[in-house]
file target_37.cif (mmCIF, C-alpha atoms)
data_run
#
loop_
_atom_site.label_atom_id
_atom_site.label_comp_id
_atom_site.auth_asym_id
_atom_site.auth_seq_id
_atom_site.Cartn_x
_atom_site.Cartn_y
_atom_site.Cartn_z
CA MET A 23 138.41 153.71 109.27
CA LEU A 24 137.61 151.72 112.42
CA HIS A 25 134.77 149.26 112.35
CA HIS A 26 133.18 148.68 115.72
CA HIS A 27 131.67 145.23 115.67
CA LYS A 28 129.04 144.90 118.34
CA ARG A 29 129.63 141.70 120.23
CA VAL A 30 126.65 139.44 119.61
CA ALA A 31 125.40 138.10 122.92
CA PRO A 32 124.66 134.37 123.12
CA VAL A 33 121.07 133.26 122.68
CA ARG A 34 120.18 129.96 124.28
CA LYS A 35 118.14 127.95 121.82
CA ALA A 36 114.88 126.45 123.04
CA ALA A 37 115.48 122.78 123.89
CA VAL A 38 111.91 121.45 124.20
CA ALA A 39 109.81 123.74 121.94
CA GLY A 40 107.57 121.66 119.72
CA THR A 41 107.76 118.67 122.08
CA TRP A 42 106.99 119.80 125.64
CA TYR A 43 104.93 122.76 124.42
CA PRO A 44 103.74 124.04 121.00
CA GLY A 45 106.57 125.28 118.81
CA THR A 46 104.70 128.04 116.99
CA ARG A 47 103.67 131.43 118.39
CA GLN A 48 100.00 131.05 117.50
CA ALA A 49 99.56 127.56 118.96
CA LEU A 50 101.55 128.42 122.09
CA GLU A 51 99.63 131.64 122.77
CA ALA A 52 96.36 129.74 122.37
CA ALA A 53 97.50 126.99 124.78
CA ILE A 54 98.68 129.48 127.42
CA ASP A 55 95.50 131.55 127.11
CA ASP A 56 93.37 128.42 127.53
CA HIS A 57 95.24 127.44 130.70
CA LEU A 58 94.94 130.97 132.13
CA ALA A 59 91.23 131.15 131.30
CA ALA A 60 90.64 127.85 133.11
CA ALA A 61 92.46 129.05 136.25
CA LEU A 62 90.01 131.73 137.30
CA ASP A 63 88.66 129.98 140.41
CA GLY A 64 91.88 130.38 142.44
CA PRO A 65 92.44 132.53 145.52
CA PRO A 66 92.45 136.31 144.94
CA ASP A 67 95.64 137.99 143.77
CA LEU A 68 98.13 139.11 146.41
CA ALA A 69 98.34 142.89 146.84
CA ARG A 70 102.11 142.63 146.63
CA LEU A 71 103.75 139.71 144.84
CA VAL A 72 107.36 138.72 145.58
CA ALA A 73 107.69 135.10 144.46
CA LEU A 74 105.93 132.12 142.90
CA ILE A 75 106.30 128.35 142.85
CA ALA A 76 105.37 126.77 139.50
CA PRO A 77 105.80 123.29 137.99
CA HIS A 78 107.91 122.47 134.92
CA ALA A 79 106.48 119.37 133.24
CA GLY A 80 105.11 119.30 129.69
CA LEU A 81 102.55 122.07 129.20
CA THR A 82 99.70 119.61 128.65
CA TYR A 83 100.36 118.03 132.05
CA SER A 84 101.36 120.88 134.36
CA GLY A 85 100.24 123.99 132.47
CA GLY A 86 96.85 123.93 134.18
CA VAL A 87 98.48 124.12 137.61
CA ALA A 88 101.17 126.59 136.50
CA ALA A 89 98.44 128.95 135.26
CA TYR A 90 97.24 129.41 138.86
CA ALA A 91 100.67 130.77 139.75
CA TYR A 92 101.08 132.87 136.62
CA ARG A 93 97.68 134.52 136.73
CA GLN A 94 99.15 136.39 139.73
CA LEU A 95 101.34 138.25 137.20
CA ARG A 96 98.44 139.89 135.35
CA HIS A 97 98.42 143.69 135.62
CA ARG A 98 101.73 143.75 137.50
CA ASP A 99 104.51 146.23 136.92
CA VAL A 100 107.41 143.76 136.75
CA ASP A 101 110.77 144.53 135.11
CA LEU A 102 112.58 141.31 136.00
CA VAL A 103 111.54 137.68 136.33
CA VAL A 104 114.10 135.55 138.16
CA LEU A 105 113.88 131.87 137.21
CA ALA A 106 115.40 129.40 139.68
CA GLY A 107 115.21 125.68 138.94
CA PRO A 108 117.01 122.37 139.41
CA SER A 109 119.55 120.84 137.01
CA HIS A 110 118.22 117.63 135.49
CA PHE A 111 121.19 116.74 133.26
CA VAL A 112 124.41 118.22 134.64
CA GLY A 113 125.76 117.63 138.14
CA PHE A 114 127.77 120.48 139.64
CA ASP A 115 128.35 122.43 142.81
CA GLY A 116 126.64 125.80 143.21
CA VAL A 117 124.35 127.75 140.89
CA ALA A 118 124.76 128.33 137.15
CA VAL A 119 123.73 131.80 135.96
CA TYR A 120 123.22 132.55 132.27
CA ARG A 121 124.86 135.95 132.30
CA ARG A 122 124.12 137.68 129.00
CA GLY A 123 122.14 137.47 125.79
CA GLY A 124 118.76 135.79 125.97
CA PHE A 125 116.63 132.65 125.89
CA ASP A 126 114.85 132.03 122.60
CA SER A 127 111.20 130.94 122.57
CA PRO A 128 108.32 130.77 120.09
CA LEU A 129 107.08 133.98 121.78
CA GLY A 130 110.34 135.82 121.05
CA ILE A 131 113.65 136.17 122.85
CA ALA A 132 113.54 136.77 126.60
CA GLU A 133 116.48 139.08 127.24
CA ILE A 134 118.81 138.50 130.17
CA ASP A 135 119.15 141.26 132.75
CA GLU A 136 122.94 141.31 132.47
CA GLU A 137 123.42 143.81 135.28
CA SER A 138 121.53 141.62 137.75
CA ALA A 139 123.30 138.48 136.51
CA THR A 140 126.70 140.08 137.07
CA ALA A 141 125.58 141.36 140.47
CA MET A 142 124.58 137.80 141.48
CA MET A 143 128.07 136.56 140.63
CA ARG A 144 129.58 139.38 142.68
CA ALA A 145 127.27 138.62 145.59
CA SER A 146 128.29 134.97 145.92
CA ALA A 147 131.13 132.75 144.72
CA THR A 148 128.53 129.96 144.65
CA ILE A 149 126.97 131.58 141.57
CA ARG A 150 128.94 131.42 138.33
CA GLU A 151 128.60 130.92 134.59
CA HIS A 152 128.15 127.34 133.44
CA ASP A 153 126.30 127.46 130.13
CA ALA A 154 126.38 123.68 129.66
CA ALA A 155 124.03 123.39 132.64
CA HIS A 156 121.48 125.50 130.72
CA ALA A 157 121.72 123.92 127.25
CA ARG A 158 119.20 121.08 127.68
CA GLU A 159 117.57 122.19 130.94
CA HIS A 160 113.77 122.41 130.76
CA SER A 161 113.05 123.58 134.32
CA LEU A 162 113.51 127.26 133.38
CA GLU A 163 112.42 126.97 129.76
CA MET A 164 108.98 125.66 130.78
CA GLN A 165 108.33 128.98 132.57
CA LEU A 166 109.02 131.09 129.48
CA PRO A 167 105.69 130.58 127.66
CA PHE A 168 103.80 132.08 130.62
CA VAL A 169 106.42 134.77 131.30
CA ARG A 170 106.57 135.87 127.65
CA ARG A 171 102.78 135.87 127.29
CA LEU A 172 102.09 137.87 130.46
CA LEU A 173 105.21 140.05 130.75
CA PRO A 174 106.61 140.41 127.22
CA ARG A 175 108.80 143.37 128.18
CA ALA A 176 110.33 141.87 131.32
CA ARG A 177 113.92 140.67 131.35
CA ILE A 178 114.88 137.35 132.90
CA LEU A 179 117.60 136.12 135.24
CA PRO A 180 118.11 132.36 134.71
CA LEU A 181 119.57 130.37 137.61
CA VAL A 182 120.03 126.59 137.61
CA MET A 183 120.95 124.93 140.92
CA GLY A 184 123.33 121.97 140.78
CA TRP A 185 123.59 119.71 143.80
CA GLN A 186 120.81 120.83 146.11
CA THR A 187 122.58 121.37 149.40
CA ALA A 188 121.31 123.55 152.23
CA ALA A 189 124.46 125.67 151.88
CA THR A 190 123.78 126.35 148.19
CA ALA A 191 120.14 127.23 148.92
CA THR A 192 121.24 129.68 151.61
CA ALA A 193 123.89 131.27 149.37
CA LEU A 194 121.36 131.69 146.54
CA ALA A 195 118.75 133.18 148.88
CA ASP A 196 121.22 135.66 150.35
CA ALA A 197 122.41 136.79 146.90
CA LEU A 198 118.84 137.23 145.64
CA ALA A 199 117.93 139.27 148.71
CA VAL A 200 120.85 141.64 148.04
CA VAL A 201 120.54 141.94 144.26
CA LEU A 202 116.74 142.30 144.07
CA ARG A 203 116.38 144.73 146.97
CA ASP A 204 115.31 147.76 144.91
CA LYS A 205 114.04 146.04 141.78
CA ARG A 206 110.53 145.42 140.49
CA ALA A 207 111.13 141.70 140.33
CA VAL A 208 109.26 138.45 140.80
CA ILE A 209 111.16 135.24 141.62
CA VAL A 210 109.89 131.93 140.26
CA ALA A 211 110.92 128.65 141.89
CA SER A 212 110.51 125.91 139.30
CA THR A 213 109.80 122.53 140.85
CA ASP A 214 107.72 119.43 140.39
CA LEU A 215 106.87 117.42 143.50
CA SER A 216 107.11 113.65 143.93
CA HIS A 217 107.81 111.51 140.86
CA TYR A 218 106.22 108.26 139.65
CA GLN A 219 104.54 107.18 142.87
CA ASP A 220 100.94 106.05 142.82
CA ALA A 221 98.56 108.96 143.41
CA ASN A 222 97.92 108.17 147.09
CA ARG A 223 101.61 107.88 147.99
CA ALA A 224 102.32 111.00 145.91
CA ALA A 225 99.63 112.97 147.74
CA ALA A 226 101.15 111.96 151.09
CA LEU A 227 104.68 112.99 150.03
CA ASP A 228 103.42 116.19 148.43
CA ALA A 229 101.31 117.14 151.45
CA VAL A 230 104.54 117.60 153.44
CA VAL A 231 105.86 120.12 150.92
CA ILE A 232 102.49 121.90 150.67
CA ASP A 233 102.31 122.16 154.45
CA HIS A 234 105.73 123.82 154.72
CA VAL A 235 104.87 126.18 151.86
CA ARG A 236 101.54 127.12 153.44
CA GLN A 237 103.29 127.83 156.74
CA PHE A 238 105.99 129.82 154.88
CA ASN A 239 108.57 127.58 156.54
CA PRO A 240 111.60 127.08 154.26
CA GLU A 241 113.66 125.68 157.15
CA GLY A 242 111.08 122.97 157.70
CA LEU A 243 111.01 122.23 153.99
CA GLN A 244 114.81 121.97 153.92
CA ARG A 245 114.70 119.45 156.80
CA ALA A 246 112.00 117.41 155.04
CA LEU A 247 114.02 117.34 151.81
CA ALA A 248 117.20 116.32 153.66
CA ALA A 249 115.29 113.42 155.22
CA CYS A 250 113.55 112.44 151.97
CA PRO A 251 114.72 113.99 148.68
CA GLU A 252 111.78 112.31 146.89
CA HIS A 253 109.48 115.11 148.03
CA ALA A 254 110.45 117.34 145.10
CA CYS A 255 112.92 117.63 142.23
CA GLY A 256 113.42 121.39 142.71
CA GLY A 257 113.18 121.49 146.48
CA GLY A 258 116.47 123.37 146.84
CA PRO A 259 115.39 126.21 144.54
CA ALA A 260 112.03 126.36 146.36
CA VAL A 261 113.78 126.71 149.74
CA ALA A 262 116.09 129.41 148.36
CA VAL A 263 113.24 131.36 146.78
CA MET A 264 111.12 131.18 149.96
CA CYS A 265 114.03 132.47 152.05
CA ALA A 266 114.74 135.25 149.55
CA ALA A 267 111.06 136.22 149.39
CA ARG A 268 110.91 136.52 153.17
CA ALA A 269 114.05 138.69 153.21
CA LEU A 270 112.48 140.89 150.51
CA GLY A 271 109.40 141.59 152.63
CA ALA A 272 106.96 138.78 151.80
CA ARG A 273 104.82 137.90 154.81
CA ASP A 274 102.09 135.68 153.38
CA ALA A 275 102.25 132.34 151.59
CA VAL A 276 99.27 131.12 149.58
CA VAL A 277 98.89 127.64 148.09
CA LEU A 278 97.08 128.32 144.83
CA LYS A 279 96.66 124.86 143.30
CA TYR A 280 97.81 121.26 143.61
CA GLY A 281 97.39 118.51 141.07
CA ASP A 282 99.17 115.57 139.49
CA SER A 283 99.81 114.25 135.99
CA GLY A 284 97.08 111.66 136.44
CA ASP A 285 94.47 114.44 136.48
CA VAL A 286 95.31 114.91 132.77
CA SER A 287 96.51 111.46 131.66
CA GLY A 288 93.99 109.43 133.65
CA ASP A 289 96.82 107.15 134.86
CA LYS A 290 96.96 107.37 138.65
CA SER A 291 99.42 104.47 139.08
CA ALA A 292 102.58 106.58 138.56
CA VAL A 293 102.13 110.32 138.80
CA VAL A 294 104.16 113.52 139.10
CA GLY A 295 102.89 116.12 141.58
CA TYR A 296 102.50 119.80 140.69
CA LEU A 297 102.16 122.84 142.96
CA ALA A 298 101.36 126.51 142.35
CA ALA A 299 101.99 128.93 145.22
CA ALA A 300 102.63 132.62 145.79
CA PHE A 301 104.51 134.67 148.39
CA GLY A 302 104.01 138.33 149.17
CA ILE A 303 101.53 140.47 151.08
CA ARG A 304 97.85 139.59 150.93
CA ASP A 305 96.16 142.96 151.41
CA ALA A 306 97.25 146.45 150.46
CA ALA A 307 96.18 147.64 153.91
CA ASP A 308 98.85 145.42 155.47
CA ASP A 309 101.67 146.88 153.41
#

call {"tool": "encode", "arguments": {"input": "target_37.cif", "output": "structure tokens"}}
result
Amino acid sequence: MLHHHKRVAPVRKAAVAGTWYPGTRQALEAAIDDHLAAALDGPPDLARLVALIAPHAGLTYSGGVAAYAYRQLRHRDVDLVVLAGPSHFVGFDGVAVYRRGGFDSPLGIAEIDEESATAMMRASATIREHDAAHAREHSLEMQLPFVRRLLPRARILPLVMGWQTAATATALADALAVVLRDKRAVIVASTDLSHYQDANRAAALDAVVIDHVRQFNPEGLQRALAACPEHACGGGPAVAVMCAARALGARDAVVLKYGDSGDVSGDKSAVVGYLAAAFGIRDAADD
């Protein structure tokens, strides 16, 4: 008698649950709901949503800003959430995709869209499996509380960018544009802005990024980052996601919220900047 053992797909364990955000379902749901409830004064929802920019600091610090991005997901029919963020711990060339299994969280396992992950690897040699790049990485994990709360049935496609070169950003954008063409997907670029400057200097650095986002100008953002990488820690993923969004039909860029860690901590001497933005089509009539 043959026994068919189903291969158990790998589940990435949460790396910062219980430290960067609450580690229990009840406490995490309450925290996310509080942030979403406080983010009701933002611009109106886009008629068609293609992509978001959201921060990835501890939930206490950046969750209030992130909520402005994620409230755009309410009442959306989304099957797939693509998460693109920078690598904080592992240096490598290209983009690391987590190809199968899922990401664990206090709100349950977010399952990987294995078909899309495999298609990304086929679309570009720049994109390959490198699970070590995902093990400790918080830039994608910090998006999961909002994603799981708002879109519990959606699958995810986790992408961590190594060295943030213009060539890698272009390769990632091109692959996303091909793979997501006929999918009900939203792409999230995970990035914080300037780090540990005083609030005035941070605001000046961050204004450059915000300006390029508002103008939907990823080329300009890429040039600014090349000249001064301090503008953002996930600038490369943001450029890639903006280019992909444009290729997928987004025409409008909306800056939803800007803030910094000092708004929460009270310490304005060394802050981290946070941005929420959305890309898509503003009005149904324009579609």

call {"tool": "resolve_selection", "arguments": {"input": "target_37.cif", "expression": "the PyMOL selection byres ((chain A and resi 58) around 9)", "output": "list in words"}}
result
Ala53, Ile54, Asp55, Asp56, His57, Ala59, Ala60, Ala61, Leu62, Gly85, Gly86, Ala88, Ala89, Tyr90, Tyr92 and Arg93 of chain A

call {"tool": "write_last_selection", "arguments": {"input": "target_37.cif", "atoms": "C-alpha atoms", "output": "PDB file, in the frame of the given file"}}
result
ATOM      1  CA  ALA A  53      97.500 126.990 124.780  1.00  0.00           C
ATOM      2  CA  ILE A  54      98.680 129.480 127.420  1.00  0.00           C
ATOM      3  CA  ASP A  55      95.500 131.550 127.110  1.00  0.00           C
ATOM      4  CA  ASP A  56      93.370 128.420 127.530  1.00  0.00           C
ATOM      5  CA  HIS A  57      95.240 127.440 130.700  1.00  0.00           C
ATOM      6  CA  ALA A  59      91.230 131.150 131.300  1.00  0.00           C
ATOM      7  CA  ALA A  60      90.640 127.850 133.110  1.00  0.00           C
ATOM      8  CA  ALA A  61      92.460 129.050 136.250  1.00  0.00           C
ATOM      9  CA  LEU A  62      90.010 131.730 137.300  1.00  0.00           C
ATOM     10  CA  GLY A  85     100.240 123.990 132.470  1.00  0.00           C
ATOM     11  CA  GLY A  86      96.850 123.930 134.180  1.00  0.00           C
ATOM     12  CA  ALA A  88     101.170 126.590 136.500  1.00  0.00           C
ATOM     13  CA  ALA A  89      98.440 128.950 135.260  1.00  0.00           C
ATOM     14  CA  TYR A  90      97.240 129.410 138.860  1.00  0.00           C
ATOM     15  CA  TYR A  92     101.080 132.870 136.620  1.00  0.00           C
ATOM     16  CA  ARG A  93      97.680 134.520 136.730  1.00  0.00           C
TER      17      ARG A  93
END

call {"tool": "residues_around", "arguments": {"input": "target_37.cif", "residues": "A:Gly281", "least_positions_apart": "3", "cutoff": "8 Å", "atoms": "all atoms listed in the file", "output": "PyMOL selection string"}}
result
chain A and resi 87+285+295-297

call {"tool": "closest_residue", "arguments": {"input": "target_37.cif", "among": "A:Ala39, A:Val104, A:Ala275, A:Leu247", "to": "A:Asp126", "atoms": "all atoms listed in the file"}}
result
A:Ala39

call {"tool": "atom_distance", "arguments": {"input": "target_37.cif", "atom1": "atom CA of A:Pro259", "atom2": "atom CA of A:Asp220"}}
result
24.9 Å

call {"tool": "atom_distance", "arguments": {"input": "target_37.cif", "atom1": "atom CA of A:Val38", "atom2": "atom CA of A:Tyr120"}}
result
17.8 Å

call {"tool": "residues_around", "arguments": {"input": "target_37.cif", "residues": "A:Ile209", "least_positions_apart": "3", "cutoff": "10 Å", "atoms": "only C-alpha atoms", "output": "ChimeraX atom specification"}}
result
/A:71-75,102-106,178-179,198,202,212,263-264,266-267,300-301

call {"tool": "residues_around", "arguments": {"input": "target_37.cif", "residues": "stretch 228-236 of chain A", "least_positions_apart": "6", "cutoff": "12 Å", "atoms": "all atoms listed in the file", "output": "ChimeraX atom specification"}}
result
/A:73-75,211,213-217,219-222,242-247,249-258,260-261,263-265,273-282,293-301

call {"tool": "closest_residue", "arguments": {"input": "target_37.cif", "among": "A:Pro174, A:Gly64, A:Gly116, A:Pro240", "to": "A:Ala269", "atoms": "only C-alpha atoms"}}
result
A:Pro240

call {"tool": "atom_distance", "arguments": {"input": "target_37.cif", "atom1": "atom CA of A:Pro32", "atom2": "atom CA of A:Arg98"}}
result
28.6 Å

call {"tool": "closest_residue", "arguments": {"input": "target_37.cif", "among": "A:Ile134, A:Ala157, A:Ala69, A:Met143", "to": "A:His110", "atoms": "all atoms listed in the file"}}
result
A:Ala157

call {"tool": "resolve_selection", "arguments": {"input": "target_37.cif", "expression": "the PyMOL selection byres ((chain A and resi 191) around 7)", "output": "list of chain:residue names"}}
result
A:Thr187, A:Ala188, A:Ala189, A:Thr190, A:Thr192, A:Ala193, A:Leu194, A:Ala195, A:Gly258, A:Pro259, A:Val261, A:Ala262

call {"tool": "resolve_selection", "arguments": {"input": "target_37.cif", "expression": "the PyMOL selection byres ((chain A and resi 167) around 9)", "output": "number ranges by chain"}}
result
A: 43, 50-51, 54, 127-129, 163-166, 168-172

call {"tool": "closest_residue", "arguments": {"input": "target_37.cif", "among": "A:Ile303, A:Met183, A:Leu68, A:Ala224", "to": "A:Arg96", "atoms": "only C-alpha atoms"}}
result
A:Leu68

call {"tool": "closest_residue", "arguments": {"input": "target_37.cif", "among": "A:Glu241, A:Asp115, A:Glu133, A:Asp67", "to": "A:Ala155", "atoms": "all atoms listed in the file"}}
result
A:Asp115

call {"tool": "residues_around", "arguments": {"input": "target_37.cif", "residues": "A:Arg150", "least_positions_apart": "4", "cutoff": "10 Å", "atoms": "all atoms listed in the file", "output": "JSON, numbers by chain"}}
result
{"A": [116, 117, 118, 119, 120, 121, 139, 140, 142, 143, 144, 146, 181]}

call {"tool": "closest_residue", "arguments": {"input": "target_37.cif", "among": "A:Ile149, A:Ala272, A:Ala306, A:Ile131", "to": "A:Phe114", "atoms": "only C-alpha atoms"}}
result
A:Ile149

call {"tool": "decode", "arguments": {"input": "target_37.cif", "residues": "stretch 107-191 of chain A", "atoms": "C-alpha atoms", "output": "short mmCIF file (atom, residue, chain, number, x, y, z; two decimals), in the first residue's frame"}}
result
data_model
loop_
_atom_site.label_atom_id
_atom_site.label_comp_id
_atom_site.auth_asym_id
_atom_site.auth_seq_id
_atom_site.Cartn_x
_atom_site.Cartn_y
_atom_site.Cartn_z
CA GLY A 107 10.55 45.74 1.02
CA PRO A 108 14.25 46.28 1.68
CA SER A 109 16.63 43.79 3.30
CA HIS A 110 17.88 45.09 6.65
CA PHE A 111 20.10 42.15 7.65
CA VAL A 112 21.34 40.28 4.57
CA GLY A 113 23.25 41.86 1.68
CA PHE A 114 22.71 40.26 -1.72
CA ASP A 115 22.18 41.03 -5.37
CA GLY A 116 18.64 40.94 -6.75
CA VAL A 117 15.32 40.14 -5.10
CA ALA A 118 14.52 37.27 -2.71
CA VAL A 119 11.09 35.70 -3.21
CA TYR A 120 9.58 33.39 -0.59
CA ARG A 121 8.15 30.88 -3.02
CA ARG A 122 5.83 28.55 -1.12
CA GLY A 123 4.15 27.92 2.21
CA GLY A 124 3.22 30.95 4.26
CA PHE A 125 4.13 33.62 6.78
CA ASP A 126 2.87 32.99 10.30
CA SER A 127 1.29 35.81 12.31
CA PRO A 128 -0.89 36.20 15.41
CA LEU A 129 -3.78 36.68 12.94
CA GLY A 130 -3.13 33.31 11.27
CA ILE A 131 -0.92 32.14 8.43
CA ALA A 132 -0.81 34.30 5.31
CA GLU A 133 -0.49 31.80 2.48
CA ILE A 134 1.96 32.37 -0.36
CA ASP A 135 0.57 32.58 -3.89
CA GLU A 136 2.97 29.93 -5.17
CA GLU A 137 1.90 30.30 -8.80
CA SER A 138 2.71 34.02 -8.81
CA ALA A 139 5.97 33.45 -6.93
CA THR A 140 7.10 30.90 -9.51
CA ALA A 141 6.00 33.21 -12.32
CA MET A 142 8.14 36.02 -10.85
CA MET A 143 11.19 33.76 -10.93
CA ARG A 144 10.45 32.85 -14.54
CA ALA A 145 9.98 36.50 -15.46
CA SER A 146 13.40 37.62 -14.22
CA ALA A 147 16.70 35.98 -13.26
CA THR A 148 17.04 38.83 -10.74
CA ILE A 149 14.31 37.21 -8.63
CA ARG A 150 15.17 33.97 -6.84
CA GLU A 151 14.69 32.06 -3.62
CA HIS A 152 16.85 33.17 -0.71
CA ASP A 153 14.99 32.25 2.47
CA ALA A 154 17.75 33.53 4.76
CA ALA A 155 16.93 37.05 3.56
CA HIS A 156 13.39 36.59 4.92
CA ALA A 157 14.13 34.94 8.29
CA ARG A 158 14.66 38.07 10.41
CA GLU A 159 13.32 40.69 7.99
CA HIS A 160 10.65 42.95 9.50
CA SER A 161 9.91 45.15 6.47
CA LEU A 162 7.33 42.68 5.10
CA GLU A 163 6.23 41.24 8.42
CA MET A 164 5.12 44.67 9.67
CA GLN A 165 2.55 44.79 6.84
CA LEU A 166 0.92 41.49 7.83
CA PRO A 167 -1.18 42.73 10.78
CA PHE A 168 -3.03 45.16 8.48
CA VAL A 169 -3.19 42.73 5.55
CA ARG A 170 -4.51 39.87 7.70
CA ARG A 171 -7.05 42.11 9.46
CA LEU A 172 -8.45 43.68 6.28
CA LEU A 173 -7.97 40.90 3.71
CA PRO A 174 -7.92 37.62 5.66
CA ARG A 175 -8.51 35.52 2.54
CA ALA A 176 -5.88 37.15 0.33
CA ARG A 177 -2.64 35.35 -0.47
CA ILE A 178 0.70 37.13 -0.31
CA LEU A 179 3.78 37.37 -2.51
CA PRO A 180 6.80 38.32 -0.35
CA LEU A 181 9.71 40.05 -2.10
CA VAL A 182 12.80 41.38 -0.32
CA MET A 183 15.18 43.58 -2.33
CA GLY A 184 18.90 43.22 -1.63
CA TRP A 185 21.25 45.92 -2.85
CA GLN A 186 18.99 48.68 -4.10
CA THR A 187 20.30 49.36 -7.58
CA ALA A 188 18.34 51.02 -10.37
CA ALA A 189 18.77 47.85 -12.43
CA THR A 190 17.21 45.68 -9.71
CA ALA A 191 14.30 48.12 -9.30
#
